[in-house]
$ cat model.cif   # mmCIF, C-alpha atoms (C1' of nucleotides)
data_query
#
loop_
_atom_site.label_atom_id
_atom_site.label_comp_id
_atom_site.auth_asym_id
_atom_site.auth_seq_id
_atom_site.Cartn_x
_atom_site.Cartn_y
_atom_site.Cartn_z
CA MET A 920 46.46 31.57 25.01
CA SER A 921 49.33 29.14 25.13
CA PHE A 922 48.86 25.55 23.99
CA GLU A 923 45.78 26.29 22.01
CA PHE A 924 45.58 23.83 19.13
CA GLU A 925 44.05 25.08 15.89
CA ILE A 926 43.28 22.72 13.08
CA VAL A 927 43.97 24.61 9.87
CA ALA A 928 42.95 21.94 7.38
CA THR A 929 42.09 18.29 7.14
CA ASP A 930 42.46 15.75 4.37
CA GLY A 931 40.64 12.58 5.29
CA LYS A 932 41.82 11.83 8.81
CA ALA A 933 45.02 13.82 8.37
CA ARG A 934 45.24 17.23 10.00
CA ALA A 935 47.36 20.33 9.49
CA GLY A 936 47.40 22.34 12.67
CA ILE A 937 49.09 24.97 14.76
CA LEU A 938 49.99 24.31 18.37
CA HIS A 939 50.80 27.51 20.24
CA SER A 940 53.50 27.25 22.87
CA PRO A 941 55.41 29.73 25.04
CA HIS A 942 58.45 29.52 22.77
CA GLY A 943 56.61 29.79 19.48
CA ASP A 944 54.02 28.18 17.28
CA ILE A 945 54.46 24.59 16.24
CA LEU A 946 53.16 23.84 12.76
CA THR A 947 51.86 20.30 12.67
CA PRO A 948 52.33 17.65 11.55
CA VAL A 949 55.76 18.10 13.01
CA PHE A 950 58.81 15.92 13.37
CA ALA A 951 60.89 16.67 16.47
CA PRO A 952 64.61 15.90 16.16
CA VAL A 953 65.95 14.30 19.31
CA GLY A 954 68.65 15.68 21.55
CA THR A 955 70.60 14.02 24.32
CA ALA A 956 71.97 15.54 27.51
CA GLY A 957 70.84 18.98 26.53
CA THR A 958 72.43 19.14 23.12
CA VAL A 959 71.10 17.85 19.90
CA LYS A 960 73.45 15.07 19.17
CA ALA A 961 76.02 16.10 16.59
CA VAL A 962 73.83 18.82 15.09
CA PRO A 963 73.89 22.36 16.54
CA PRO A 964 70.61 24.19 17.17
CA ARG A 965 71.66 26.77 14.56
CA ASP A 966 71.38 24.11 11.87
CA LEU A 967 68.00 22.98 13.16
CA GLU A 968 66.80 26.57 12.88
CA ASP A 969 68.05 26.64 9.30
CA LEU A 970 66.19 23.41 8.59
CA ASP A 971 63.04 24.97 10.05
CA ALA A 972 62.71 22.31 12.72
CA GLN A 973 59.93 23.57 14.98
CA LEU A 974 60.23 21.35 18.00
CA ILE A 975 62.99 19.28 19.54
CA LEU A 976 62.93 16.58 22.17
CA ALA A 977 65.36 16.45 25.09
CA ASN A 978 65.83 13.38 27.25
CA THR A 979 64.91 13.65 30.90
CA TYR A 980 66.74 10.50 31.94
CA HIS A 981 70.06 11.70 30.52
CA LEU A 982 69.72 15.23 31.87
CA PHE A 983 68.66 13.94 35.27
CA LEU A 984 71.83 11.83 35.53
CA ARG A 985 74.07 14.43 33.93
CA PRO A 986 74.38 17.37 34.49
CA GLY A 987 71.34 17.23 36.83
CA ASP A 988 68.03 19.04 36.61
CA ASP A 989 68.86 21.42 39.50
CA LEU A 990 71.85 22.76 37.61
CA VAL A 991 69.85 23.23 34.42
CA ARG A 992 67.20 25.12 36.38
CA ASP A 993 69.84 27.30 38.06
CA LEU A 994 71.36 28.11 34.67
CA GLY A 995 68.08 29.40 33.36
CA GLY A 996 66.40 26.28 32.01
CA LEU A 997 66.91 24.10 29.00
CA HIS A 998 66.22 26.72 26.32
CA GLU A 999 68.96 28.95 27.63
CA PHE A 1000 71.27 26.10 28.60
CA MET A 1001 71.30 24.55 25.14
CA CYS A 1002 70.79 27.73 23.13
CA TRP A 1003 67.58 26.67 21.49
CA GLY A 1004 64.95 29.37 21.43
CA GLY A 1005 62.16 27.26 19.96
CA PRO A 1006 59.73 24.85 21.58
CA ILE A 1007 61.11 21.87 23.51
CA LEU A 1008 59.49 18.60 24.50
CA THR A 1009 60.92 16.39 27.23
CA ASP A 1010 60.14 12.71 27.70
CA SER A 1011 59.46 11.44 31.20
CA GLY A 1012 62.68 9.49 31.67
CA GLY A 1013 60.75 6.30 32.09
CA PHE A 1014 61.61 4.76 28.76
CA GLN A 1015 65.37 5.03 29.27
CA VAL A 1016 65.11 3.76 32.81
CA PHE A 1017 63.65 0.63 31.33
CA SER A 1018 65.96 0.43 28.31
CA LEU A 1019 69.32 1.71 29.60
CA ALA A 1020 69.55 1.42 33.38
CA ASP A 1021 69.79 -1.66 35.55
CA ILE A 1022 66.42 -1.84 37.23
CA ASN A 1023 66.65 -2.74 40.86
CA LYS A 1024 63.01 -2.52 41.72
CA ILE A 1025 59.80 -1.44 40.06
CA ASP A 1026 56.89 -1.00 42.41
CA ALA A 1027 53.58 0.75 42.53
CA ASP A 1028 55.24 3.95 43.66
CA GLY A 1029 58.07 4.22 41.13
CA VAL A 1030 61.30 2.72 39.83
CA THR A 1031 64.63 2.26 41.57
CA PHE A 1032 67.54 1.77 39.22
CA ARG A 1033 71.26 2.09 38.77
CA SER A 1034 72.71 4.78 36.54
CA HIS A 1035 74.27 3.36 33.38
CA ILE A 1036 76.97 6.03 33.77
CA ASP A 1037 78.39 5.46 37.24
CA GLY A 1038 76.25 2.70 38.73
CA SER A 1039 74.86 4.94 41.45
CA GLN A 1040 71.39 4.15 42.71
CA LYS A 1041 68.61 6.50 41.63
CA ARG A 1042 64.88 6.62 41.92
CA LEU A 1043 62.17 8.01 39.66
CA THR A 1044 58.54 8.42 40.60
CA PRO A 1045 55.75 10.28 38.83
CA GLU A 1046 56.26 13.21 41.22
CA ARG A 1047 60.02 13.25 40.71
CA SER A 1048 59.65 13.09 36.93
CA MET A 1049 57.32 16.09 37.05
CA GLN A 1050 59.75 17.98 39.25
CA ILE A 1051 62.70 17.20 36.96
CA GLN A 1052 60.77 18.23 33.88
CA GLN A 1053 59.68 21.46 35.57
CA ASN A 1054 63.29 22.18 36.42
CA LEU A 1055 64.32 21.51 32.83
CA GLY A 1056 61.60 23.86 31.69
CA ALA A 1057 60.41 22.31 28.44
CA ASP A 1058 57.22 23.58 26.81
CA ILE A 1059 55.68 20.14 26.59
CA ILE A 1060 56.36 17.44 29.17
CA MET A 1061 55.33 13.82 29.28
CA ALA A 1062 53.66 11.77 31.97
CA PHE A 1063 55.76 9.10 33.65
CA ASP A 1064 54.63 5.81 32.11
CA GLN A 1065 55.68 2.22 31.65
CA CYS A 1066 56.34 0.97 28.12
CA PRO A 1067 56.09 -2.83 28.07
CA PRO A 1068 56.72 -5.31 25.23
CA PRO A 1069 53.56 -4.84 23.11
CA ASN A 1070 52.61 -8.49 22.59
CA ASP A 1071 52.48 -9.83 26.13
CA ARG A 1072 48.92 -9.26 27.30
CA ALA A 1073 49.53 -9.85 31.00
CA GLU A 1074 52.49 -7.49 31.06
CA VAL A 1075 50.66 -4.88 29.01
CA GLU A 1076 47.65 -5.00 31.32
CA ALA A 1077 49.83 -4.44 34.35
CA ALA A 1078 51.68 -1.60 32.59
CA VAL A 1079 48.43 0.08 31.57
CA ALA A 1080 47.15 -0.01 35.16
CA ARG A 1081 50.45 1.34 36.44
CA THR A 1082 50.60 4.02 33.73
CA HIS A 1083 47.09 5.20 34.63
CA SER A 1084 47.85 5.35 38.33
CA TRP A 1085 51.05 7.23 37.61
CA LEU A 1086 49.25 9.63 35.25
CA ARG A 1087 46.80 10.55 38.00
CA ARG A 1088 49.76 11.38 40.24
CA CYS A 1089 51.53 13.33 37.48
CA ARG A 1090 48.36 15.35 36.97
CA GLN A 1091 48.22 16.16 40.67
CA ALA A 1092 51.91 16.96 40.95
CA HIS A 1093 51.95 19.25 37.94
CA PRO A 1094 50.00 22.51 37.55
CA ASP A 1095 49.62 21.94 33.78
CA ASP A 1096 49.48 25.69 33.39
CA GLU A 1097 50.10 28.00 30.46
CA LYS A 1098 53.86 27.77 30.94
CA GLN A 1099 54.18 24.03 30.49
CA ALA A 1100 51.77 21.51 29.02
CA LEU A 1101 51.49 17.97 30.34
CA PHE A 1102 50.70 15.27 27.80
CA GLY A 1103 49.23 11.93 28.88
CA ILE A 1104 50.28 8.64 27.33
CA VAL A 1105 48.01 5.88 26.07
CA GLN A 1106 49.39 2.36 26.50
CA GLY A 1107 47.82 -1.01 25.70
CA GLY A 1108 50.23 -2.77 23.36
CA ILE A 1109 48.52 -4.25 20.32
CA PHE A 1110 45.30 -5.07 22.17
CA PRO A 1111 42.30 -3.01 20.99
CA ASP A 1112 40.28 -3.29 24.19
CA LEU A 1113 43.23 -2.19 26.33
CA ARG A 1114 43.98 0.70 23.97
CA GLU A 1115 40.39 1.85 24.06
CA ALA A 1116 40.21 1.68 27.85
CA SER A 1117 43.51 3.47 28.15
CA ALA A 1118 42.50 6.19 25.69
CA ARG A 1119 39.32 6.76 27.65
CA PHE A 1120 41.13 7.00 30.96
CA VAL A 1121 43.80 9.35 29.64
CA THR A 1122 41.27 11.53 27.82
CA ASP A 1123 39.28 11.93 31.03
CA MET A 1124 42.27 13.70 32.55
CA ALA A 1125 41.55 16.70 30.31
CA LEU A 1126 45.15 17.35 29.30
CA LYS A 1127 46.56 19.61 26.60
CA GLY A 1128 47.68 16.76 24.41
CA TYR A 1129 47.75 13.01 24.14
CA ALA A 1130 50.47 10.58 23.18
CA ILE A 1131 50.38 7.05 21.92
CA GLY A 1132 53.19 5.13 23.56
CA GLY A 1133 54.25 1.53 23.46
CA LEU A 1134 54.54 1.30 19.69
CA ALA A 1135 57.56 0.85 17.44
CA VAL A 1136 59.06 -1.29 20.15
CA GLY A 1137 59.07 -4.70 18.49
CA GLU A 1138 55.64 -5.25 16.97
CA SER A 1139 55.20 -5.45 13.19
CA LYS A 1140 54.36 -2.39 11.12
CA GLN A 1141 50.97 -3.86 10.30
CA GLU A 1142 50.25 -4.25 14.02
CA MET A 1143 51.36 -0.68 14.63
CA TYR A 1144 49.13 0.72 11.87
CA ALA A 1145 46.17 -1.36 13.03
CA THR A 1146 46.65 -0.08 16.57
CA LEU A 1147 46.75 3.50 15.27
CA ASP A 1148 43.59 2.91 13.22
CA GLN A 1149 41.87 1.74 16.35
CA THR A 1150 43.30 4.14 18.94
CA LEU A 1151 43.33 7.54 17.22
CA PRO A 1152 39.51 7.81 16.93
CA CYS A 1153 39.36 7.32 20.72
CA LEU A 1154 41.30 10.57 21.26
CA PRO A 1155 39.75 14.04 21.22
CA HIS A 1156 39.78 15.62 17.78
CA ASN A 1157 40.70 19.09 19.01
CA LYS A 1158 43.88 18.14 20.87
CA PRO A 1159 47.32 17.33 19.45
CA ARG A 1160 48.25 13.66 19.16
CA TYR A 1161 51.78 12.53 19.57
CA LEU A 1162 53.10 9.16 18.37
CA MET A 1163 56.16 8.51 20.49
CA GLY A 1164 59.39 7.21 19.03
CA VAL A 1165 58.24 7.08 15.40
CA GLY A 1166 59.69 7.03 12.91
CA GLU A 1167 60.78 5.98 9.59
CA PRO A 1168 59.62 7.89 6.50
CA ASP A 1169 56.82 5.45 5.69
CA ASP A 1170 55.68 5.47 9.32
CA LEU A 1171 55.42 9.27 9.32
CA LEU A 1172 53.18 9.05 6.28
CA GLU A 1173 51.08 6.26 7.73
CA GLY A 1174 50.79 8.10 11.04
CA ILE A 1175 49.90 11.45 9.52
CA SER A 1176 47.35 9.86 7.22
CA ARG A 1177 45.65 8.47 10.32
CA GLY A 1178 45.66 11.75 12.23
CA VAL A 1179 48.94 11.95 14.16
CA ASP A 1180 50.30 15.49 14.70
CA ILE A 1181 53.64 15.06 16.46
CA PHE A 1182 56.52 12.59 16.06
CA ASP A 1183 60.01 12.16 17.42
CA CYS A 1184 62.59 9.59 16.49
CA VAL A 1185 66.26 8.73 16.87
CA ILE A 1186 66.38 7.35 13.40
CA PRO A 1187 67.77 10.25 11.35
CA THR A 1188 70.81 10.59 13.61
CA ARG A 1189 71.27 6.96 14.56
CA LEU A 1190 71.11 5.88 10.93
CA ALA A 1191 73.56 8.65 10.09
CA ARG A 1192 76.04 7.21 12.56
CA HIS A 1193 75.63 3.88 10.83
CA GLY A 1194 76.13 5.41 7.40
CA ALA A 1195 72.55 5.24 6.13
CA ALA A 1196 70.87 8.16 4.38
CA PHE A 1197 67.34 8.82 3.17
CA THR A 1198 66.87 9.72 -0.48
CA GLN A 1199 63.83 10.29 -2.69
CA ALA A 1200 64.59 6.88 -4.20
CA GLY A 1201 64.83 5.03 -0.90
CA ARG A 1202 67.36 4.43 1.80
CA ILE A 1203 71.01 4.04 0.89
CA ASN A 1204 74.04 2.89 2.86
CA LEU A 1205 76.89 5.29 2.19
CA ARG A 1206 79.44 2.78 3.47
CA ASN A 1207 78.80 0.61 0.45
CA ALA A 1208 81.74 0.24 -1.92
CA ARG A 1209 79.52 1.31 -4.82
CA TYR A 1210 79.81 4.91 -3.62
CA ARG A 1211 83.62 4.90 -3.51
CA ALA A 1212 83.86 7.26 -6.49
CA ASP A 1213 80.32 8.66 -6.58
CA GLU A 1214 80.57 12.41 -7.07
CA SER A 1215 76.86 13.13 -6.67
CA PRO A 1216 75.31 14.45 -3.43
CA ILE A 1217 73.24 12.18 -1.20
CA ASP A 1218 70.01 13.44 -2.70
CA SER A 1219 69.84 16.18 -5.31
CA ALA A 1220 66.28 17.03 -4.21
CA LEU A 1221 67.58 18.56 -0.97
CA ASP A 1222 69.56 21.73 -0.52
CA ASN A 1223 71.41 21.91 2.78
CA TYR A 1224 75.05 22.21 3.80
CA ALA A 1225 75.57 18.45 3.44
CA SER A 1226 74.38 18.70 -0.17
CA ARG A 1227 77.72 20.23 -1.11
CA PHE A 1228 79.57 17.02 -0.36
CA SER A 1229 79.89 14.02 -2.63
CA ARG A 1230 78.82 10.54 -1.62
CA ALA A 1231 82.43 9.50 -2.18
CA TYR A 1232 83.67 12.01 0.38
CA LEU A 1233 80.99 11.10 2.90
CA ARG A 1234 81.87 7.44 2.45
CA HIS A 1235 85.51 8.27 3.06
CA LEU A 1236 84.59 10.14 6.25
CA LEU A 1237 82.54 7.17 7.42
CA ILE A 1238 85.27 4.65 6.73
CA ALA A 1239 87.77 6.91 8.51
CA LYS A 1240 85.32 7.26 11.44
CA GLU A 1241 85.45 11.05 11.17
CA LEU A 1242 82.91 12.94 13.29
CA LEU A 1243 82.13 15.15 10.32
CA ALA A 1244 80.44 12.18 8.65
CA TYR A 1245 77.94 11.81 11.49
CA TYR A 1246 77.23 15.53 11.50
CA LEU A 1247 76.69 15.91 7.76
CA ILE A 1248 74.58 12.79 7.32
CA SER A 1249 72.54 13.64 10.43
CA LEU A 1250 71.92 17.07 8.99
CA HIS A 1251 70.81 15.51 5.74
CA ASN A 1252 68.52 12.92 7.34
CA ILE A 1253 66.87 15.46 9.64
CA ASP A 1254 66.36 17.76 6.67
CA PHE A 1255 64.82 14.88 4.75
CA LEU A 1256 62.30 14.06 7.49
CA VAL A 1257 61.45 17.67 8.30
CA ARG A 1258 60.91 18.34 4.59
CA HIS A 1259 58.89 15.14 4.28
CA VAL A 1260 56.57 16.25 7.08
CA GLN A 1261 56.34 19.82 5.72
CA ASN A 1262 55.45 18.43 2.31
CA MET A 1263 52.68 16.42 3.90
CA ARG A 1264 51.39 19.46 5.80
CA GLN A 1265 51.23 21.34 2.51
CA ALA A 1266 49.54 18.39 0.81
CA ILE A 1267 46.92 18.26 3.56
CA ILE A 1268 46.19 21.95 3.04
CA GLU A 1269 45.90 21.36 -0.69
CA GLY A 1270 43.88 18.19 -0.24
CA SER A 1271 46.43 16.09 -2.07
CA LEU A 1272 47.88 13.82 0.60
CA ARG A 1273 46.83 10.68 -1.26
CA GLU A 1274 48.72 11.81 -4.33
CA TYR A 1275 51.77 12.55 -2.23
CA ALA A 1276 51.52 9.12 -0.66
CA ALA A 1277 51.22 7.45 -4.04
CA ARG A 1278 54.41 9.15 -5.19
CA PHE A 1279 56.36 8.69 -2.00
CA LEU A 1280 55.33 5.46 -0.41
CA PRO A 1281 56.34 2.89 -3.02
CA ARG A 1282 59.97 3.81 -2.52
CA TYR A 1283 59.75 3.23 1.19
CA LEU A 1284 57.28 0.37 1.40
CA ARG A 1285 59.91 -2.19 2.08
CA HIS A 1286 61.99 -1.74 5.16
CA GLY A 1287 65.60 -1.03 4.25
CA LEU A 1288 64.78 -0.57 0.61
CA THR A 1289 67.89 0.13 -1.40
CA ALA A 1290 67.81 2.86 -3.98
CA GLU A 1291 68.62 2.84 -7.69
"C1'" G B 511 131.46 -13.91 5.58
"C1'" U B 512 129.88 -17.13 10.08
"C1'" G B 513 126.00 -18.54 13.39
"C1'" G B 514 120.88 -18.22 14.85
"C1'" A B 515 115.60 -17.08 14.48
"C1'" C B 516 111.53 -16.51 11.33
"C1'" G B 517 108.59 -16.84 6.44
"C1'" U B 518 100.73 -19.40 7.18
"C1'" A B 519 94.41 -14.78 4.66
"C1'" G B 520 95.36 -7.62 3.06
"C1'" C B 521 97.60 -7.02 8.56
"C1'" U B 522 98.94 -9.35 13.54
"C1'" C B 523 99.35 -14.22 14.70
"C1'" A B 524 97.37 -19.65 16.01
"C1'" A B 525 97.36 -24.81 14.54
"C1'" U B 526 100.92 -33.32 19.00
"C1'" G B 527 102.94 -35.39 11.72
"C1'" G B 528 96.02 -36.26 10.97
"C1'" C B 529 89.56 -31.65 8.08
"C1'" A B 530 94.39 -24.63 7.76
"C1'" G B 531 91.88 -21.25 12.06
"C1'" A B 532 91.13 -16.56 15.06
"C1'" G B 533 91.20 -11.25 15.74
"C1'" C B 534 91.43 -6.94 12.89
"C1'" A B 535 90.66 -5.10 7.89
"C1'" C B 536 87.48 -5.60 3.61
"C1'" C B 537 82.22 -6.77 1.57
"C1'" U B 538 76.72 -7.10 2.68
"C1'" G B 539 72.40 -6.81 5.95
"C1'" A B 540 69.79 -5.31 10.72
"C1'" U B 541 69.01 -1.11 14.28
"C1'" U B 542 61.88 3.27 15.62
"C1'" G B 543 59.87 7.64 23.24
"C1'" U B 544 69.44 8.36 21.25
"C1'" G B 545 75.59 6.62 23.91
"C1'" G B 546 79.07 6.52 18.19
"C1'" U B 547 77.64 0.53 20.31
"C1'" U B 548 76.09 -4.15 19.14
"C1'" C B 549 74.34 -8.22 16.30
"C1'" A B 550 74.02 -11.49 11.87
"C1'" G B 551 76.22 -13.11 7.50
"C1'" G B 552 80.04 -13.06 3.48
"C1'" C B 553 84.79 -12.74 0.58
"C1'" G B 554 89.60 -14.14 1.51
"C1'" G B 555 95.06 -19.67 1.28
"C1'" U B 556 99.38 -23.87 -4.22
"C1'" U B 557 101.25 -22.46 4.38
"C1'" G B 558 107.90 -17.97 0.25
"C1'" A B 559 109.72 -21.51 -3.87
"C1'" G B 560 111.62 -26.46 -5.34
"C1'" G B 561 112.64 -31.40 -4.00
"C1'" G B 562 112.67 -35.55 -0.34
"C1'" U B 563 110.83 -38.86 3.95
"C1'" U B 564 105.84 -40.65 5.27
"C1'" C B 565 99.56 -43.93 4.42
"C1'" G B 566 99.52 -38.65 5.48
"C1'" A B 567 103.86 -32.60 5.88
"C1'" G B 568 102.25 -25.77 7.79
"C1'" C B 569 105.10 -29.08 11.16
"C1'" C B 570 110.60 -33.71 9.81
"C1'" C B 571 115.13 -33.63 6.05
"C1'" C B 572 117.80 -31.17 1.77
"C1'" U B 573 118.29 -27.04 -1.63
"C1'" U B 574 117.03 -22.14 -2.70
"C1'" C B 575 115.01 -17.14 -2.07
"C1'" G B 576 113.67 -13.38 1.45
"C1'" U B 577 113.43 -10.78 6.33
"C1'" C B 578 115.46 -9.90 11.10
"C1'" C B 579 119.17 -10.56 15.04
"C1'" A B 580 124.06 -11.62 16.86
"C1'" C B 581 129.20 -12.13 15.89
"C1'" C B 582 133.69 -11.03 12.66
#
$ encode --input "model.cif" --output "structure tokens"
Amino acid sequence: MSFEFEIVATDGKARAGILHSPHGDILTPVFAPVGTAGTVKAVPPRDLEDLDAQLILANTYHLFLRPGDDLVRDLGGLHEFMCWGGPILTDSGGFQVFSLADINKIDADGVTFRSHIDGSQKRLTPERSMQIQQNLGADIIMAFDQCPPPNDRAEVEAAVARTHSWLRRCRQAHPDDEKQALFGIVQGGIFPDLREASARFVTDMALKGYAIGGLAVGESKQEMYATLDQTLPCLPHNKPRYLMGVGEPDDLLEGISRGVDIFDCVIPTRLARHGAAFTQAGRINLRNARYRADESPIDSALDNYASRFSRAYLRHLLIAKELLAYYLISLHNIDFLVRHVQNMRQAIIEGSLREYAARFLPRYLRHGLTAE
RNA sequence: GUGGACGUAGCUCAAUGGCAGAGCACCUGAUUGUGGUUCAGGCGGUUGAGGGUUCGAGCCCCUUCGUCCACC
């Protein structure tokens, strides 16, 4: 019964669904806050429960290096280790190997790299990634893939071939049973023919869900949307679709409108650390001097613990580099995105997603739009 | 009181007698499958004050004010 995906309602291409998992149902579309090293960075799981976050992502690369997947397994798995009773998704570790570590060698079999923490040499292969993710014990795990720069056709072609070969090995190495679902990843950069071929290959593996990778990594938003337009119809309608690493509020809307069910992104917490907050009127930078004496909350439309604090106080915390600033603004930004996605789910059920988009999108059309 | 050192951007300090600069702070902007970083740009000066020498003075000379140190 686990991992059954029910589509509750559709509005155009957008879908409202329920993905069953061993640790609870996931109401989609869903935005998964991102955790690092087994804890959600700066925001305790208790708060995420309060915000009604239904899925969180934990990073395999970080947990592999520290504290180690064996230890997490011995301590009862990730849910118990990090005190999060809800569904968890782990990435494959591949992305961070490519973005954080010093790569020594990438070959057909896997990747040898040096840890960014202590410089020690490590190796990840599709089989090892599956083993680590089994040890971590997430509900949804990701195939080990290669995410290349999206505009370089030769590189993308090579990465697609490698990703497919690795997916076959992941599929073999992992039981893909009712305890843990393996999702495959479509690559192909911004090239329609490569995306289509990749979608076909990945779909043939008959997995419990499918991800679109290799986007939001340098291409323009128009290129990303065009790629979604072209790729999503190539994926099975009755399986969840996960757009990896996205995104910003407008991207969530654009993705959902096109039929994406699952998202994850660093942006609510990373922006919080840089002092930026989402509001109904657009993005604001709380470091700005204009908020020095602003007694209003970040966004009066939200009601969470951070809502009690004035912009002036949050600005003071930021300027003073107080950890509380990162916590409160992260809480706010996650609340904003979770609410945003929940609103869209409700709009899909009511058949009013276009109206929601018309109200919401203009404020977020321009990247970095400043409010008021 | 005597002798000495030093006064340059908000702060800490650079600058052969030859375009007055850096770091930090402050003010903006960027950050999309997480290391709080980093990057890009901007504001900011009667060089304590006054006079002199010089083609030209932050720099040399005189006066003055201030700070610090040492010694009566």
$ residues_around --input "model.cif" --residues "G546 (chain B)" --least-positions-apart "4" --cutoff "9 Å" --atoms "only C-alpha atoms (C1' of nucleotides)" --output "list in words"
Arg1189, Arg1192, His1193, Leu1242 and Tyr1245 of chain A
$ interface_residues --input "model.cif" --of "chain A" --to "chain B" --cutoff "10 Å" --atoms "only C-alpha atoms (C1' of nucleotides)" --output "PyMOL selection string"
chain A and resi 953-956+959-960+976-978+981+1009-1015+1019+1036+1061+1066+1130-1137+1162-1167+1170+1182-1186+1188-1190+1192-1193+1207-1208+1240+1242+1245+1287
$ resolve_selection --input "model.cif" --expression "the PyMOL selection byres ((chain B and resi 523) around 10)" --output "PyMOL selection string"
chain B and resi 518+521-522+524+532-533
$ atom_distance --input "model.cif" --atom1 "CA of Asp989 (chain A)" --atom2 "CA of Arg1081 (chain A)"
27.4 Å
$ residues_around --input "model.cif" --residues "Ile1059 (chain A)" --least-positions-apart "2" --cutoff "9 Å" --atoms "all atoms listed in the file" --output "list in words"
Ser940, Pro1006, Ile1007, Leu1008, Thr1009, Asp1010, Gly1056, Ala1057, Met1061, Lys1098, Gln1099, Ala1100, Leu1101, Phe1102 and Gly1128 of chain A
$ resolve_selection --input "model.cif" --expression "the PyMOL selection byres ((chain B and resi 573-577) around 10)" --output "list of chain:residue names"
B:C516, B:G517, B:G558, B:A559, B:G560, B:G561, B:C572, B:C578
$ atom_distance --input "model.cif" --atom1 "CA of Gln1261 (chain A)" --atom2 "CA of Gln973 (chain A)"
10.6 Å
$ resolve_selection --input "model.cif" --expression "the PyMOL selection byres ((chain A and resi 1214) around 7)" --output "ChimeraX atom specification"
/A:1212-1213,1215-1216,1229-1231
$ residues_around --input "model.cif" --residues "C579 (chain B)" --least-positions-apart "6" --cutoff "12 Å" --atoms "only C-alpha atoms (C1' of nucleotides)" --output "PyMOL selection string"
chain B and resi 513-516
$ write_last_selection --input "model.cif" --atoms "C-alpha atoms (C1' of nucleotides)" --output "tab-separated table (two decimals), keeping the file's coordinate frame"
chain	number	residue	atom	x	y	z
B	513	G	C1'	126.00	-18.54	13.39
B	514	G	C1'	120.88	-18.22	14.85
B	515	A	C1'	115.60	-17.08	14.48
B	516	C	C1'	111.53	-16.51	11.33
$ closest_residue --input "model.cif" --among "A:Tyr1283, A:Tyr1161, A:Tyr1232, A:Tyr1246" --to "Ile1203 (chain A)" --atoms "all atoms listed in the file"
A:Tyr1283
$ atom_distance --input "model.cif" --atom1 "CA of Ile1248 (chain A)" --atom2 "CA of Ser1219 (chain A)"
13.9 Å
$ residues_around --input "model.cif" --residues "G527 (chain B)" --least-positions-apart "6" --cutoff "10 Å" --atoms "only C-alpha atoms (C1' of nucleotides)" --output "VMD selection string"
chain B and resid 564 566 to 567 569 to 570
$ residues_around --input "model.cif" --residues "A519 (chain B)" --least-positions-apart "4" --cutoff "12 Å" --atoms "all atoms listed in the file" --output "MDAnalysis selection string"
chainID B and resid 523 530:532 534:536 553:555 557
